[in-house]
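Comments concern the structure below.
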Amino acid sequence: MAIRIDDSKKLFTLQTKNTTYQMQVGKCDVLLHLYYGKKVENDNLDYLIKPCDRGFSGNPCEAGDERGYSLDTLPQEFSGYGTSDFRLNSVAVSGENGSLSADFRYVSHMILDKKHEIPAMPSLYDNGSEAQTLAVVLEDKAAKLRVTLYYSVFEELDVITRAADITYLGEQEAVISKAMSLCLDLPYGNYDMLHFYGRHAMERQLERTPLMHGTRAIGSKRGASSHHHNPFVILCEREASEDYGECYGAALVYSGNFTAEVEVDQVDQTRFVMGIGSEYFSWTLKKNEVFHMPEAVLSYTDKGFTALSHIFHRAFRHNLCRGDYKLKRRPILINNWEATYFDFNKDKLVEIAKTAAELGVEMLVMDDGWFGKRDNDVSGLGDWFVNEKKLGSTLKELVDEVNGQGLKFGIWFEPEMISEDSELYKEHPEWVLRVPNKLPDRSRFQLVLDMSRDDVRDYLFASISSVLDSANIEYIKWDMNRSMSDVYSNALPAEKQGEASHRYMLGLYDLLEKITSKYPHVLLEGCSGGGGRFDAGMLYYSPQIWCSDNTDAIERIKIQYGTSFAYPISSVGSHVSASPNHQTGRHTPLKTRGVVAMAGSFGYELDLSKMTEEEKVCVKEQIEDFKKYYDVIQDGNYYRLTNPFENHYFSAWQFVSEDRSKALFNIVVTHVEGNARAVHCKLKGLNETSLYRINDRIYTGSALMHAGFVVDKEWSDYPAEQYYIEEVEKR
């Protein structure tokens, strides 16, 4: 059993294949955290808690004269506020008397032989008898609040999910101002924190810092998880590396404002909390109303970052992504954006499709500019009807011609945004997020539609459906190109404006659920100016997300490196673009651009008419190679062989099939030197005793992993190589 309960000791033990998570109802009915780490069999770990009387750490009255029993030092599963625990809190709620104090004590528990589902929000799902759930009920009787904690255990995945509900039991109202889905106390150990910061066109840059005494926080107030911080964090021991060391990973299945906070307290204990962003947030509950917090996905390994990444990759790919393209091969596409920008019509697109088909491309995606009055980025958003005058045809006529070339057809939308210069804004100015009597901030000349409103979502669902029903459209790129400011909903009273951001996310999830349910055959790719909403919440609806608007192959190495710590390769939207690159002006070989883009869903974003015949031959070869290597790239295990933030000479990564019979070794020289050193790299993930072929030579797995492999020397800017590795004999 994944969940074991000893009622006599009030002990709860959660077991996965390789980990143990244990908690206990202690004195005063406080739910204490005992242990999370490497698997421990059939043991009560309450001996790990050693109460000690510490000055200025107070005691619950129920503890009597036991001055060592203090909420300020005890490891807990859900920390309160306004008690003697002065560390990070999980929740803040103002009740009938205005007090923010929240002190939750154990009431009951139950086991569910299924995965806990969160109403109206994305979460991991059970494919059939994969998960058990422990629900633990806590109450603050004075504040008339009930919290139900949900621990869903995926035994084979080595994953535990955390979620919580708050129910108000009083007669009047309660206002929540902080709600953290995850509280993890680590009583022992010195940890580093890994997080993934960035900016537009430079997302998910790895930063590793030792935790200090006090609090460290990351998060987003931008209305989306953002380019700037990602809702995925790793806490690891100081010596942890790719292949060694204790690591705790936590991902929030949420796409809006979030907070992740870590505190090291007076006795070197570490507390980590994660949930909805608490700044500007509030939520009003009436009697018996329930507030559902988003899910956090938690995993532990003592085998380093690579093993932790493999856990999250499997969980997200098999138990979070959905739809026809969950595991199905995605079409190799070409997007017209960098080839034409807004300047296109049917004839241009059909010509691109014709050339693309000759090269082996499988889908044409029509990007921004096909709708309303949209010849630049200052008008038209919200008017989701085809500009037939600009296209010179109906959408169906265009799609039929593209299909006639043997290509599928995809289309770009930005449903959450609106231009002031649009028919929709003239008809419904009240539909935007905008503070009354105040000029709004613009970004990219656009405002934000209030997705919390039923009428807005009804309009968008009808408009998008009308477009999708009019032609054979098999792909949507769903974009969002600004951060949210002036967050004020005309549909909410003044006292509930703190709910607007979260209601926006619930509305967005509702619309995405309706679209993906009605059109399950359509591949949905998420986008927010590239990677501004690359999170687990969006993966529930879109099995791939445009990784970054920065398509420069050398910059993409760092962006895709950071992304790979949590998110599977199949989710990474990555394309070959023009050289010189449109974002950096850098010249890189077509071969190198292909090698980097193959660490993702793969496609093209350039003007094919400007390619030489030699380059077109190269594109054909890239497409053939990607198809040939597809299974090992998308279904295999991913290994980071170098850290591009430390190794400025070359970057290398590797894909290895589950049975270790095939691998693909990729390397890009990022700094070419005169009188250069040999490029030497140790491979990973192979069978030690098997024999493998690379080109025309046979190697043992142990030689490739321990002695390493030396790459053929190449001359040029940013040369790259791919080596296909195939097992020829298993010993």
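Starting from 1 in every chain, residues are counted up; chains themselves are A, B, ... following the order of the structure tokens, and ligands are numbered from 1 as listed.
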
Every residue of segment 383-465 of chain A that DSSP places in helix (DSSP H, G or I), as a VMD selection string: chain A and resid 388 to 391 395 to 404 423 to 427 429 to 431 454 to 465

Would you mind exporting the chosen residues as a short mmCIF file (atom, residue, chain, number, x, y, z; two decimals), in the first residue's frame, restricted to N, CA, C and O atoms?
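Printed below is again.cif as written:
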data_model
loop_
_atom_site.label_atom_id
_atom_site.label_comp_id
_atom_site.auth_asym_id
_atom_site.auth_seq_id
_atom_site.Cartn_x
_atom_site.Cartn_y
_atom_site.Cartn_z
N GLU A 388 -10.67 38.56 -45.20
CA GLU A 388 -10.62 37.93 -46.52
C GLU A 388 -10.04 38.87 -47.57
O GLU A 388 -9.43 38.41 -48.55
N LYS A 389 -10.21 40.17 -47.35
CA LYS A 389 -9.63 41.13 -48.30
C LYS A 389 -8.11 41.03 -48.28
O LYS A 389 -7.45 41.03 -49.33
N LYS A 390 -7.54 40.92 -47.08
CA LYS A 390 -6.08 40.81 -46.97
C LYS A 390 -5.60 39.47 -47.52
O LYS A 390 -4.62 39.41 -48.27
N LEU A 391 -6.27 38.39 -47.14
CA LEU A 391 -5.85 37.07 -47.62
C LEU A 391 -6.07 36.92 -49.12
O LEU A 391 -5.33 36.20 -49.80
N LEU A 395 -10.80 31.64 -45.66
CA LEU A 395 -9.87 30.80 -44.92
C LEU A 395 -9.90 29.37 -45.45
O LEU A 395 -8.86 28.71 -45.58
N LYS A 396 -11.09 28.88 -45.75
CA LYS A 396 -11.21 27.51 -46.26
C LYS A 396 -10.46 27.34 -47.58
O LYS A 396 -9.78 26.31 -47.79
N GLU A 397 -10.55 28.33 -48.45
CA GLU A 397 -9.83 28.24 -49.72
C GLU A 397 -8.32 28.18 -49.49
O GLU A 397 -7.61 27.40 -50.13
N LEU A 398 -7.83 28.99 -48.55
CA LEU A 398 -6.40 28.96 -48.21
C LEU A 398 -6.02 27.59 -47.65
O LEU A 398 -5.04 26.97 -48.09
N VAL A 399 -6.78 27.12 -46.67
CA VAL A 399 -6.45 25.85 -46.03
C VAL A 399 -6.51 24.70 -47.03
O VAL A 399 -5.65 23.82 -47.03
N ASP A 400 -7.52 24.72 -47.88
CA ASP A 400 -7.64 23.65 -48.88
C ASP A 400 -6.42 23.62 -49.80
O ASP A 400 -5.93 22.54 -50.16
N GLU A 401 -5.92 24.79 -50.18
CA GLU A 401 -4.74 24.81 -51.05
C GLU A 401 -3.50 24.32 -50.32
O GLU A 401 -2.67 23.61 -50.88
N VAL A 402 -3.37 24.70 -49.04
CA VAL A 402 -2.24 24.22 -48.25
C VAL A 402 -2.34 22.71 -48.07
O VAL A 402 -1.35 21.97 -48.23
N ASN A 403 -3.54 22.22 -47.73
CA ASN A 403 -3.73 20.77 -47.63
C ASN A 403 -3.43 20.08 -48.95
O ASN A 403 -2.90 18.95 -48.97
N GLY A 404 -3.75 20.74 -50.04
CA GLY A 404 -3.48 20.18 -51.36
C GLY A 404 -2.00 20.00 -51.64
O GLY A 404 -1.61 19.18 -52.48
N GLU A 423 -13.20 46.55 -33.27
CA GLU A 423 -14.65 46.59 -33.18
C GLU A 423 -15.12 46.10 -31.82
O GLU A 423 -16.09 46.63 -31.25
N LEU A 424 -14.44 45.09 -31.27
CA LEU A 424 -14.86 44.54 -29.99
C LEU A 424 -14.75 45.59 -28.88
O LEU A 424 -15.65 45.70 -28.03
N TYR A 425 -13.65 46.35 -28.87
CA TYR A 425 -13.48 47.35 -27.82
C TYR A 425 -14.53 48.45 -27.93
O TYR A 425 -15.03 48.95 -26.90
N LYS A 426 -14.88 48.82 -29.15
CA LYS A 426 -15.92 49.84 -29.33
C LYS A 426 -17.25 49.35 -28.79
O LYS A 426 -18.02 50.13 -28.22
N GLU A 427 -17.53 48.06 -28.95
CA GLU A 427 -18.80 47.51 -28.49
C GLU A 427 -18.79 47.20 -26.99
O GLU A 427 -19.81 47.34 -26.32
N PRO A 429 -16.23 48.12 -24.12
CA PRO A 429 -15.08 48.62 -23.36
C PRO A 429 -15.08 48.12 -21.92
O PRO A 429 -14.03 48.08 -21.28
N GLU A 430 -16.25 47.71 -21.42
CA GLU A 430 -16.34 47.22 -20.04
C GLU A 430 -15.73 45.84 -19.88
O GLU A 430 -15.56 45.35 -18.75
N TRP A 431 -15.38 45.19 -20.98
CA TRP A 431 -14.83 43.84 -20.91
C TRP A 431 -13.34 43.81 -20.58
O TRP A 431 -12.78 42.74 -20.38
N ASP A 454 -18.22 35.54 -17.76
CA ASP A 454 -18.86 34.53 -18.61
C ASP A 454 -19.09 35.05 -20.02
O ASP A 454 -18.90 34.32 -21.00
N ASP A 455 -19.51 36.34 -20.13
CA ASP A 455 -19.82 36.86 -21.46
C ASP A 455 -18.58 36.97 -22.33
O ASP A 455 -18.63 36.74 -23.55
N VAL A 456 -17.42 37.29 -21.73
CA VAL A 456 -16.16 37.34 -22.48
C VAL A 456 -15.79 35.94 -22.99
O VAL A 456 -15.46 35.75 -24.16
N ARG A 457 -15.88 34.96 -22.10
CA ARG A 457 -15.51 33.60 -22.50
C ARG A 457 -16.50 33.05 -23.53
O ARG A 457 -16.10 32.33 -24.45
N ASP A 458 -17.77 33.38 -23.38
CA ASP A 458 -18.76 32.92 -24.37
C ASP A 458 -18.45 33.50 -25.75
O ASP A 458 -18.53 32.80 -26.77
N TYR A 459 -18.08 34.80 -25.77
CA TYR A 459 -17.73 35.43 -27.05
C TYR A 459 -16.50 34.76 -27.67
O TYR A 459 -16.49 34.44 -28.86
N LEU A 460 -15.48 34.53 -26.85
CA LEU A 460 -14.25 33.95 -27.38
C LEU A 460 -14.46 32.52 -27.84
O LEU A 460 -13.96 32.11 -28.90
N PHE A 461 -15.21 31.75 -27.08
CA PHE A 461 -15.47 30.36 -27.49
C PHE A 461 -16.23 30.31 -28.81
O PHE A 461 -15.89 29.53 -29.71
N ALA A 462 -17.22 31.18 -28.95
CA ALA A 462 -18.00 31.21 -30.20
C ALA A 462 -17.13 31.68 -31.36
O ALA A 462 -17.20 31.12 -32.46
N SER A 463 -16.30 32.70 -31.14
CA SER A 463 -15.46 33.24 -32.21
C SER A 463 -14.41 32.24 -32.67
O SER A 463 -14.21 32.02 -33.87
N ILE A 464 -13.73 31.63 -31.69
CA ILE A 464 -12.70 30.65 -32.03
C ILE A 464 -13.32 29.43 -32.70
O ILE A 464 -12.80 28.91 -33.70
N SER A 465 -14.45 28.99 -32.18
CA SER A 465 -15.13 27.83 -32.78
C SER A 465 -15.54 28.12 -34.22
O SER A 465 -15.43 27.25 -35.10
#

Glu615 of chain A environment, 12 Å, only C-alpha atoms, sequence neighbours closer than 6 positions dropped, as an MDAnalysis selection string: chainID A and resid 359 578:579 589:591 593:594 607:609 621:622

Sel. of strand (DSSP E) residues, segment 568-721 of chain A, as a PyMOL selection string: chain A and resi 572-573+576-577+603-605+637-640+650-656+662-669+680-681+691-694+697-700+709-710+720-721

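Distances from A:Glu338, A:Glu414, A:Glu721, A:Asp72 to Gln266 of chain A were compared using only C-alpha atoms, and the smallest one belongs to A:Asp72.
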
Selection: 12 Å around Arg453 of chain A, only C-alpha atoms, excl. self and same-chain fewer than 5 positions, as number ranges by chain: A: 416, 430-433, 458-460, 488-492, 500-501, 503-508, 510-511

Within 12 Å of segment 219-221 of chain A using only C-alpha atoms, minus same-chain residues under 2 positions, as a PyMOL selection string: chain A and resi 195-199+216-217+223-233+252+254-262+273-281+483-487+501-502+532-533

Near-segment 208-211 of chain A list (10 Å; only C-alpha atoms; drop same-chain fewer than 5 positions) as a list in words: Asn190, Tyr191, Asp192, Met193, Leu194, His195, Phe196, Arg216, Ile234, Leu235, Cys236, Glu237, Arg238, Val262, Glu263, Val264 and Thr270 of chain A

Give me the residues of segment 36-137 of chain A that have any atom at most 10 Å from an atom of segment 315-337 of chain A; for each, the nearest atom pair and the distance in Å, rounded to one decimal. Use only C-alpha atoms, sort by chain and number, and format it as JSON lines.
{"residue": "A:Pro122", "atom": "CA", "partner": "A:Leu320", "partner_atom": "CA", "distance": 8.2}
{"residue": "A:Ser123", "atom": "CA", "partner": "A:Leu320", "partner_atom": "CA", "distance": 6.7}
{"residue": "A:Leu124", "atom": "CA", "partner": "A:Leu320", "partner_atom": "CA", "distance": 4.8}
{"residue": "A:Tyr125", "atom": "CA", "partner": "A:Asn319", "partner_atom": "CA", "distance": 5.3}
{"residue": "A:Asp126", "atom": "CA", "partner": "A:Asn319", "partner_atom": "CA", "distance": 6.6}
{"residue": "A:Asn127", "atom": "CA", "partner": "A:Asn319", "partner_atom": "CA", "distance": 7.1}
{"residue": "A:Glu130", "atom": "CA", "partner": "A:Asn319", "partner_atom": "CA", "distance": 9.8}

Long-range neighbours of segment 148-160 of chain A as a PyMOL selection string, 8 Å cut-off, only C-alpha atoms, 3 positions minimum in chain: chain A and resi 2-3+14-19+115-116+130-138+163-166+297-300+311+314-315

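The space between atom CA of Tyr69 of chain A and atom CA of Lys27 of chain A spans 8.4 Å.
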
Long-range neighbours of Asn97 of chain A as a ChimeraX atom specification, 12 Å cut-off, only C-alpha atoms, 4 positions minimum in chain: /A:93,101,142-144,170-175

Store the residues picked out above, limited to N, CA and C atoms, as a PDB file, in the first residue's frame.
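Final file, again-v7.pdb:
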ATOM      1  N   VAL A  93      -6.198  34.251   7.155  1.00  0.00           N
ATOM      2  CA  VAL A  93      -7.630  34.415   6.946  1.00  0.00           C
ATOM      3  C   VAL A  93      -8.173  35.348   8.009  1.00  0.00           C
ATOM      4  N   SER A 101      -5.542  35.438  12.951  1.00  0.00           N
ATOM      5  CA  SER A 101      -4.978  34.249  13.573  1.00  0.00           C
ATOM      6  C   SER A 101      -5.604  32.987  13.012  1.00  0.00           C
ATOM      7  N   ALA A 142     -12.110  28.173  16.750  1.00  0.00           N
ATOM      8  CA  ALA A 142     -12.424  29.549  17.121  1.00  0.00           C
ATOM      9  C   ALA A 142     -12.662  30.408  15.891  1.00  0.00           C
ATOM     10  N   ALA A 143     -11.830  30.210  14.856  1.00  0.00           N
ATOM     11  CA  ALA A 143     -11.976  30.988  13.624  1.00  0.00           C
ATOM     12  C   ALA A 143     -13.031  30.396  12.691  1.00  0.00           C
ATOM     13  N   LYS A 144     -13.554  29.213  13.051  1.00  0.00           N
ATOM     14  CA  LYS A 144     -14.581  28.539  12.251  1.00  0.00           C
ATOM     15  C   LYS A 144     -14.087  28.260  10.832  1.00  0.00           C
ATOM     16  N   GLY A 170     -18.404  29.615   9.571  1.00  0.00           N
ATOM     17  CA  GLY A 170     -19.072  30.654  10.345  1.00  0.00           C
ATOM     18  C   GLY A 170     -20.347  31.150   9.692  1.00  0.00           C
ATOM     19  N   GLU A 171     -20.954  32.137  10.334  1.00  0.00           N
ATOM     20  CA  GLU A 171     -22.238  32.659   9.872  1.00  0.00           C
ATOM     21  C   GLU A 171     -22.079  33.864   8.956  1.00  0.00           C
ATOM     22  N   GLN A 172     -20.992  34.607   9.071  1.00  0.00           N
ATOM     23  CA  GLN A 172     -20.849  35.847   8.305  1.00  0.00           C
ATOM     24  C   GLN A 172     -19.917  35.624   7.110  1.00  0.00           C
ATOM     25  N   GLU A 173     -18.725  36.219   7.124  1.00  0.00           N
ATOM     26  CA  GLU A 173     -17.782  36.047   6.024  1.00  0.00           C
ATOM     27  C   GLU A 173     -16.369  35.935   6.566  1.00  0.00           C
ATOM     28  N   ALA A 174     -15.513  35.274   5.799  1.00  0.00           N
ATOM     29  CA  ALA A 174     -14.078  35.228   6.076  1.00  0.00           C
ATOM     30  C   ALA A 174     -13.340  35.620   4.802  1.00  0.00           C
ATOM     31  N   VAL A 175     -12.204  36.279   4.964  1.00  0.00           N
ATOM     32  CA  VAL A 175     -11.428  36.728   3.809  1.00  0.00           C
ATOM     33  C   VAL A 175     -10.035  36.105   3.870  1.00  0.00           C
TER      34      VAL A 175
END

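Of the listed residues (A:Asp243, A:Glu207, A:Glu289, A:Asp185), A:Glu289 comes nearest to Arg146 of chain A; the distances count only C-alpha atoms.
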
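Counting only C-alpha atoms, the residue from A:Asp343, A:Glu351, A:Asp712, A:Asp421 that sits nearest to Lys373 of chain A is A:Asp421.
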
Residue nearest Ser571 of chain A - candidates A:Lys178, A:His313, A:Arg54, A:Lys730, atoms counted: only C-alpha atoms: A:His313
